[in-house]
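Just below is one structure, and these are the notes that go with it.
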Amino acid sequence: MRTRLAFVASGLAAFVVAASPAFAQKQGGTLRVSHRDNPPSASIHEEATVSVIQPFMAVFNNLVVFDPKEKINSPDKIVPDLAESWSWNPDQTKLTFKLRSGVKWHDGKPFTAKDVKCTWDALSGKADEKSDLIRKNPRKVWYNNLKEVTVGSDTEVTFTLNRPQPSFLSMLAAGYSPVYACHAQGRDMRSKPIGTGPFKVVDFKRNESIKLVRNPDYWKKGRPYLDAIDWKIVPNRSTRMLGFAAGEFDMTFDSDVTFPLLKDIKSQKPDAVCEGRPSNVNQNILINPEAPPFDKPEVRRAVAMSIDQKPFNDILFQGHALSGAAMLPPPAGVWGMPKEMLQTLPGFATDVEKSRAEARKIMEGLGYSKDKPLKVKVSTRNIAIYRDPAVILIDQLKNVYIEAELDPIDTTVWYTKIQRKDYQLGMNLTGLGVDDPDTNFYENFYSTSDRNYTSYKNPEIDKLIDQQSAEMDREKRKKIVWEIEKKLAEDGARPVIVHNVANTCWTPQMKGLVLQHNSIYNGWRFEDVWLDR
Amino acid sequence: MGAYLTRRFLLMMLTLFGMSILIFVMLRLVPGNVADILVDSAGIADPKEKAKIAAELGLDQPIFDQYLHWISGLSRGDLGFAYVSERPAIEEIGPRIPISAKLAGLALFFSVILGVPLGVISAVRQNTGLDYFLRILSLSGLSLPSFWLGLLILMASVQWFGMIPIYTNEPRSFIDEVLLLSIPAAAVGFRSSALIMRLTRSSMLEVLRQDYIRTARSKGASQTSVNYEHALRNALLPVVTIIGIEAAFLVGGLIVTETVFNIPGVARFLVEAILWRDYPIVQNLVMLIAFIVVVVNFLVDMAYMALDPRIKFAD
């Protein structure tokens, strides 16, 4: 009897302990967050910036999503969202989702499988000519392998692929893959979108604020905890930081706090909770292969070999940035190559002087010397985060007989200029929506991609990209991914300098936020966030 | 006088018409249009998508047709649709105008209320310690950029009072609004007050040496009467001119102040609209500024007549 009582008591105690965090969460309150700039629109599918994702992801749901409680997004950490479950056919070309029933859009209309079809028809360019759900499609390349989407019933939808693609589910789990309402107008989705998510848009005032309120009909019972989220657009970073220190905001914009600013924040607001993490944004060099002598791979390699990452890392990140090739390096990165392998690539050698001596030999072979340097321009967006590394790059290029001049470009015409190939060298930042080889390689290096800014064309690389994309065995796939990274580095295709690391801070009263450590574009649903005040 | 006013009105209309053409053409000479920028902002540069957006917004129409469309709409009070937000331009511009107008009004009020009396004091107490102090103050006002001054104010507020005087929520009452706007208004008005003070001082010094001032003194007029009734009124003519010019130039000062203090006014919005080549917003706002400048110039001319009875506007 005593044993039984002890068992029951310990069981009760365990239950209380396990359940206590749930009881601790408080309902209510408005989360106040600063926003760094004016989002171009509210339509996540039409934009390619965290300025849109961070405030508006909470308005939507995906079919599946990277587990928001996990810091690392990986293919085996995908959980259901609007889909209750999913299954593949034996040859891995048909992915069928069983959808939740009873889910409603913010305007009260029911969510059905037709909405899923409608969204992905628009994204893969198969939508009706009259459809105006989206007018820009920056991630069209993600769905090149999508043959069709078919509706089985209101709660069943099937994605048919041309060939197996293990990354497909990861792409659907990204913050960039919300389901849109079929009955919505594109104009509304850009200004006051409706979703099925935990928060509804009340108002999006350009250059001023974004106000979201709790969706009382949210299908996930008990969520969200917050009554509202109030984003204030504060373009001046000093004002944003001072506002946070003065208690005007509960949270800074994601990755807004650089390491020098972190010291200020900590001194002005010692109780602030700050977390530094890789953003999966890397600094890289765009080399125009159509601008001689950069049409020669060896010159592109010489540029890569001139790089000493340490000054970039020390000056811009106080030593916290990560060294990696095209994919984010481990441990945060799921696919990046091991350090020993990385150090064999051009631009990553530990002996920088030896590497530069080799690069000088290449340049001398082409007739360049200290007295007769190659004169070029380094073009970059005229904003500090681009200009600062460009200045360091210019200094380092001198070591391999390249005399460069800074060419700051108005940020609004940057991509037009790059697309026109009106540059020689460019300092660039690339952010990845998902830490996944398909999204990175198909977007940035595949010969037919709109976002392959350097128009890098290598049939061998295209073949390897397709090969890794279809490989079901994770370890085998990693080997191919590393081979691609190696070849890209040797070809001087967008030599990567460093992978950024930055900080996000919040007040100790804000709880339940889990920052994703291999993409800043995921984990912004805010449904588990609550305020302890 | 009636003929003068008619002539003046027609001249104002002509100036505004000229401005409308200038704004319209200059905007289109700047590289890139909103279609380029909307597509660029998504990290792509697809010519097909650009052409589709350009057609949607009517940017593929001949430039003369676009101008006629805008100007005929403007004459009917229709400001068109903002390209980026896809909302009527009036809904975007309308709520922001009163905020900037109040800020500019307060800034101008501060600059006049400080600049004129301090200029008079500085002139009357020429070469005294007080004069030197005020001259240094005015020099610092001219040399401190308003964004820097604004940031200093913000940092001091956070450091000493643990609060920040920035615009995060709409003020609940008129008093709240005045309190909130007075700090940025002081930051932006400081430069203008310095300019007005220096001009008032030099103008007063010139007037104070005139024969009629000596006559007034010899007839036993009090120092206050000499300074404010006899001298200041005549010294004010150039000061009024500079106040008029400053009123127009305030927009430039408001851009940085609205950014630093996070005020959702029209000046910051204009810069954003220029960056996005949001033509309907930029055109209408620049026309509004042009209108204000023209009207202020007219009011300054009228003020001359009130201040100096010798000035007559011939028919």
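Ordering of the structure tokens sets the chain letters (A, B, ...); residue numbers start at 1 within each chain; ligands are numbered from 1 in the order shown.
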- Task: Check every residue of chain A for an atom within 9 Å of chain B, counting only C-alpha atoms, and provide those that qualify as a PyMOL selection string.
- Result: chain A and resi 38+40-41+46-49+135-138+187-188+190-191+205-209+232-239+242-243+245-248+268+410-416+418-419+450-451+453
Selected residues, C-alpha atoms, written as an mmCIF file, in the first residue's frame, please.
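As written to disk, out.cif reads:
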data_model
loop_
_atom_site.group_PDB
_atom_site.id
_atom_site.type_symbol
_atom_site.label_atom_id
_atom_site.label_comp_id
_atom_site.auth_asym_id
_atom_site.auth_seq_id
_atom_site.Cartn_x
_atom_site.Cartn_y
_atom_site.Cartn_z
ATOM 1 C CA ASN A 38 9.855 49.729 -44.524
ATOM 2 C CA PRO A 40 8.470 46.485 -49.648
ATOM 3 C CA SER A 41 5.137 44.699 -49.205
ATOM 4 C CA GLU A 46 6.872 38.149 -53.557
ATOM 5 C CA GLU A 47 9.781 39.341 -51.481
ATOM 6 C CA ALA A 48 13.232 38.162 -50.498
ATOM 7 C CA THR A 49 13.988 39.956 -47.285
ATOM 8 C CA ARG A 135 3.173 39.465 -59.444
ATOM 9 C CA LYS A 136 6.820 38.794 -58.513
ATOM 10 C CA ASN A 137 8.241 35.346 -57.947
ATOM 11 C CA PRO A 138 11.794 35.403 -56.600
ATOM 12 C CA ARG A 187 -3.056 43.809 -53.961
ATOM 13 C CA ASP A 188 -4.580 42.837 -50.592
ATOM 14 C CA ARG A 190 0.703 43.001 -50.431
ATOM 15 C CA SER A 191 -0.964 45.563 -48.164
ATOM 16 C CA LYS A 205 1.231 51.849 -42.334
ATOM 17 C CA ARG A 206 4.088 52.393 -44.679
ATOM 18 C CA ASN A 207 7.196 53.753 -43.006
ATOM 19 C CA GLU A 208 5.375 53.829 -39.691
ATOM 20 C CA SER A 209 4.048 50.613 -38.163
ATOM 21 C CA LYS A 232 7.401 50.170 -35.174
ATOM 22 C CA ILE A 233 9.401 51.042 -38.239
ATOM 23 C CA VAL A 234 12.441 52.972 -37.025
ATOM 24 C CA PRO A 235 14.884 53.444 -39.884
ATOM 25 C CA ASN A 236 17.648 54.946 -37.763
ATOM 26 C CA ARG A 237 19.618 52.208 -36.010
ATOM 27 C CA SER A 238 20.846 54.475 -33.183
ATOM 28 C CA THR A 239 17.244 55.430 -32.408
ATOM 29 C CA LEU A 242 18.210 53.764 -27.714
ATOM 30 C CA GLY A 243 14.502 52.918 -27.887
ATOM 31 C CA ALA A 245 17.493 50.589 -23.957
ATOM 32 C CA ALA A 246 14.770 53.003 -22.813
ATOM 33 C CA GLY A 247 12.156 50.215 -22.695
ATOM 34 C CA GLU A 248 10.117 51.394 -25.690
ATOM 35 C CA GLN A 268 22.516 50.652 -20.959
ATOM 36 C CA ASP A 410 22.361 53.279 -55.224
ATOM 37 C CA THR A 411 20.789 50.309 -53.517
ATOM 38 C CA THR A 412 17.582 50.583 -55.545
ATOM 39 C CA VAL A 413 19.323 49.833 -58.845
ATOM 40 C CA TRP A 414 21.861 47.319 -57.554
ATOM 41 C CA TYR A 415 20.335 44.168 -59.042
ATOM 42 C CA THR A 416 19.542 45.879 -62.326
ATOM 43 C CA ILE A 418 24.320 43.310 -61.684
ATOM 44 C CA GLN A 419 21.845 41.744 -64.122
ATOM 45 C CA ASP A 450 17.253 34.299 -62.303
ATOM 46 C CA ARG A 451 19.252 34.817 -59.143
ATOM 47 C CA TYR A 453 23.812 37.021 -60.590
#
- Task: Would you kindly return, as number ranges by chain, each protein, DNA or RNA residue with an atom no farther than 9 Å from any atom of range 60-77 of chain B, considering only C-alpha atoms and excluding same-chain residues fewer than 4 positions away?
- Result: B: 20-21, 24-25, 28, 51, 54-56, 280, 283-284
Mind writing the picked residues with C-alpha atoms as an mmCIF file, in the first residue's frame?
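Generated output (part.cif):
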data_model
loop_
_atom_site.group_PDB
_atom_site.id
_atom_site.type_symbol
_atom_site.label_atom_id
_atom_site.label_comp_id
_atom_site.auth_asym_id
_atom_site.auth_seq_id
_atom_site.Cartn_x
_atom_site.Cartn_y
_atom_site.Cartn_z
ATOM 1 C CA SER B 20 5.014 70.586 -62.137
ATOM 2 C CA ILE B 21 6.792 70.100 -65.468
ATOM 3 C CA PHE B 24 7.689 65.396 -63.612
ATOM 4 C CA VAL B 25 10.592 65.404 -66.042
ATOM 5 C CA ARG B 28 11.818 60.399 -64.942
ATOM 6 C CA ALA B 51 7.359 45.089 -68.020
ATOM 7 C CA ALA B 54 5.234 48.914 -65.632
ATOM 8 C CA ALA B 55 2.160 48.220 -67.773
ATOM 9 C CA GLU B 56 -0.016 47.790 -64.676
ATOM 10 C CA PRO B 280 2.529 59.926 -57.470
ATOM 11 C CA GLN B 283 5.144 64.606 -57.481
ATOM 12 C CA ASN B 284 2.271 65.563 -55.203
#
- Write out as an NGL selection string which residues come within 9 Å of Leu118 in chain B when counting only C-alpha atoms, dropping same-chain ones fewer than 5 positions away. :B and (113 or 123 or 134 or 197-198 or 200-201)
Could the residues in this selection be written to a file with N, CA and C atoms, as a compact mmCIF listing (two decimals), in the first residue's frame?
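The file below, out-v1.txt, is the result:
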# COMPACT_ATOMS: atom_id res chain seq x y z
N ILE B 113 10.99 82.88 -31.65
CA ILE B 113 10.86 83.31 -30.25
C ILE B 113 12.22 83.40 -29.56
N ALA B 123 22.72 92.71 -29.88
CA ALA B 123 23.08 93.98 -30.52
C ALA B 123 23.15 95.12 -29.50
N LEU B 134 26.23 84.88 -26.51
CA LEU B 134 25.15 84.64 -27.49
C LEU B 134 25.71 84.40 -28.89
N MET B 197 18.96 84.95 -35.19
CA MET B 197 19.61 85.76 -34.16
C MET B 197 20.76 86.58 -34.74
N ARG B 198 21.58 85.95 -35.56
CA ARG B 198 22.73 86.66 -36.14
C ARG B 198 22.25 87.78 -37.06
N THR B 200 19.31 89.31 -36.98
CA THR B 200 18.65 90.36 -36.18
C THR B 200 19.73 91.25 -35.56
N ARG B 201 20.78 90.62 -35.06
CA ARG B 201 21.87 91.38 -34.41
C ARG B 201 22.50 92.36 -35.40
- With a distance cut-off of 10 Å and only C-alpha atoms, select the neighbouring residues of Ser74 in chain A, excluding the residue or stretch itself and same-chain residues fewer than 3 positions from it, and output the selection as a PyMOL selection string. chain A and resi 66-67+70-71+77-78+170+173+333-335+434-436+518
Go ahead and write the residues just picked, C-alpha atoms, as a short mmCIF file (atom, residue, chain, number, x, y, z; two decimals), in the first residue's frame.
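The resulting file, part_23.cif, is shown below:
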data_model
loop_
_atom_site.label_atom_id
_atom_site.label_comp_id
_atom_site.auth_asym_id
_atom_site.auth_seq_id
_atom_site.Cartn_x
_atom_site.Cartn_y
_atom_site.Cartn_z
CA PHE A 66 10.63 23.51 -39.12
CA ASP A 67 10.03 22.65 -35.48
CA GLU A 70 14.48 23.46 -32.24
CA LYS A 71 17.34 25.85 -32.91
CA LYS A 77 12.94 18.34 -37.55
CA ILE A 78 9.92 19.13 -39.70
CA SER A 170 12.38 21.36 -46.39
CA ALA A 173 8.80 24.03 -44.25
CA GLY A 333 25.04 24.41 -40.59
CA VAL A 334 23.66 21.00 -41.47
CA TRP A 335 25.40 20.66 -44.82
CA VAL A 434 16.61 27.39 -45.79
CA ASP A 435 19.88 25.75 -44.85
CA ASP A 436 19.53 23.37 -47.74
CA ASN A 518 20.79 28.34 -39.43
#
- How far is it from CA of Gly102 in chain A to CA of Trp219 in chain A, in Å with one decimal?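 Spanning CA of Gly102 in chain A to CA of Trp219 in chain A is a straight-line distance of 7.7 Å.
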- Message: as an MDAnalysis selection string, please: the residues near range 378-389 of chain A (cut-off 12 Å, only C-alpha atoms, same-chain neighbours under 6 positions excluded).
- Response: chainID A and resid 237 256 258 281:288 303 307:317 395:397 402:418 421:430 496:498 500
- Item | Which of range 391-526 of chain A fall in strand (DSSP E or B), as a list of chain:residue names | A:Ile402, A:Glu403, A:Ala404, A:Glu405, A:Leu406, A:Asp407, A:Pro408, A:Ile409, A:Leu425, A:Gly426, A:Met427, A:Asn428, A:Leu429, A:Thr430, A:Gly431, A:Val496, A:Ile497, A:Val498, A:His499, A:Asn500, A:Val501, A:Ala502, A:Asn503, A:Thr504, A:Cys505, A:Trp506, A:Met510, A:Lys511
- Task: Tell me, as number ranges by chain, which residues lie within 9 Å of Lys370 in chain A, counting only C-alpha atoms; anything in the same chain fewer than 4 positions away does not count.
- Result: A: 398-402
- Query: Quick one: residues within 12 Å of range 202-209 of chain B, only C-alpha atoms counted, chain neighbours fewer than 4 positions away excluded, as a VMD selection string?
  - Reply: chain B and resid 116 to 127 135 195 to 198 213 to 217 223 226 to 240 242
For the residues in that selection, give me C-alpha atoms as a PDB file, in the first residue's frame.
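Written output follows (out_27.pdb):
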ATOM      1  CA  VAL B 116      14.673  87.695 -32.514  1.00  0.00           C
ATOM      2  CA  PRO B 117      14.890  88.686 -28.814  1.00  0.00           C
ATOM      3  CA  LEU B 118      18.355  87.189 -28.390  1.00  0.00           C
ATOM      4  CA  GLY B 119      19.505  89.029 -31.543  1.00  0.00           C
ATOM      5  CA  VAL B 120      18.206  92.298 -30.129  1.00  0.00           C
ATOM      6  CA  ILE B 121      19.879  91.671 -26.759  1.00  0.00           C
ATOM      7  CA  SER B 122      23.136  90.752 -28.467  1.00  0.00           C
ATOM      8  CA  ALA B 123      23.078  93.984 -30.519  1.00  0.00           C
ATOM      9  CA  VAL B 124      22.110  96.236 -27.635  1.00  0.00           C
ATOM     10  CA  ARG B 125      24.798  94.688 -25.417  1.00  0.00           C
ATOM     11  CA  GLN B 126      27.394  94.689 -28.183  1.00  0.00           C
ATOM     12  CA  ASN B 127      30.868  93.489 -27.159  1.00  0.00           C
ATOM     13  CA  ARG B 135      27.425  84.839 -30.521  1.00  0.00           C
ATOM     14  CA  LEU B 195      20.576  82.313 -38.182  1.00  0.00           C
ATOM     15  CA  ILE B 196      17.711  84.611 -37.216  1.00  0.00           C
ATOM     16  CA  MET B 197      19.613  85.759 -34.159  1.00  0.00           C
ATOM     17  CA  ARG B 198      22.728  86.664 -36.137  1.00  0.00           C
ATOM     18  CA  ILE B 213      17.606 106.580 -33.351  1.00  0.00           C
ATOM     19  CA  ARG B 214      19.924 109.297 -31.995  1.00  0.00           C
ATOM     20  CA  THR B 215      17.039 111.779 -32.389  1.00  0.00           C
ATOM     21  CA  ALA B 216      14.676 109.468 -30.511  1.00  0.00           C
ATOM     22  CA  ARG B 217      17.200 109.100 -27.698  1.00  0.00           C
ATOM     23  CA  GLN B 223      15.896 102.472 -23.991  1.00  0.00           C
ATOM     24  CA  VAL B 226      14.164 102.969 -28.745  1.00  0.00           C
ATOM     25  CA  ASN B 227      15.123  99.319 -29.103  1.00  0.00           C
ATOM     26  CA  TYR B 228      11.763  97.736 -29.723  1.00  0.00           C
ATOM     27  CA  GLU B 229       9.564 100.514 -31.139  1.00  0.00           C
ATOM     28  CA  HIS B 230      12.007 102.507 -33.220  1.00  0.00           C
ATOM     29  CA  ALA B 231      14.874 100.173 -34.067  1.00  0.00           C
ATOM     30  CA  LEU B 232      13.450  96.648 -34.190  1.00  0.00           C
ATOM     31  CA  ARG B 233      10.569  97.451 -36.499  1.00  0.00           C
ATOM     32  CA  ASN B 234      12.963  98.804 -39.125  1.00  0.00           C
ATOM     33  CA  ALA B 235      15.514  96.048 -38.512  1.00  0.00           C
ATOM     34  CA  LEU B 236      12.907  93.370 -39.054  1.00  0.00           C
ATOM     35  CA  LEU B 237      12.650  93.614 -42.850  1.00  0.00           C
ATOM     36  CA  PRO B 238      15.659  91.379 -43.642  1.00  0.00           C
ATOM     37  CA  VAL B 239      14.723  89.151 -40.686  1.00  0.00           C
ATOM     38  CA  VAL B 240      11.251  88.555 -42.112  1.00  0.00           C
ATOM     39  CA  ILE B 242      15.083  85.083 -43.755  1.00  0.00           C
TER      40      ILE B 242
END
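Take CA of Leu270 in chain B and CA of Leu16 in chain B: the distance between them is 18.7 Å.
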- Using only C-alpha atoms, which residue out of B:Ile175, B:Leu10, B:Ala221, B:Met19 lies closest to Phe291 in chain B?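 The answer is B:Met19, which sits nearest to Phe291 in chain B.
Each of B:Ala194, B:Val30, B:Val178, B:Leu103 was checked against Leu142 in chain B using only C-alpha atoms; the smallest atom-to-atom distance is that of B:Ala194.
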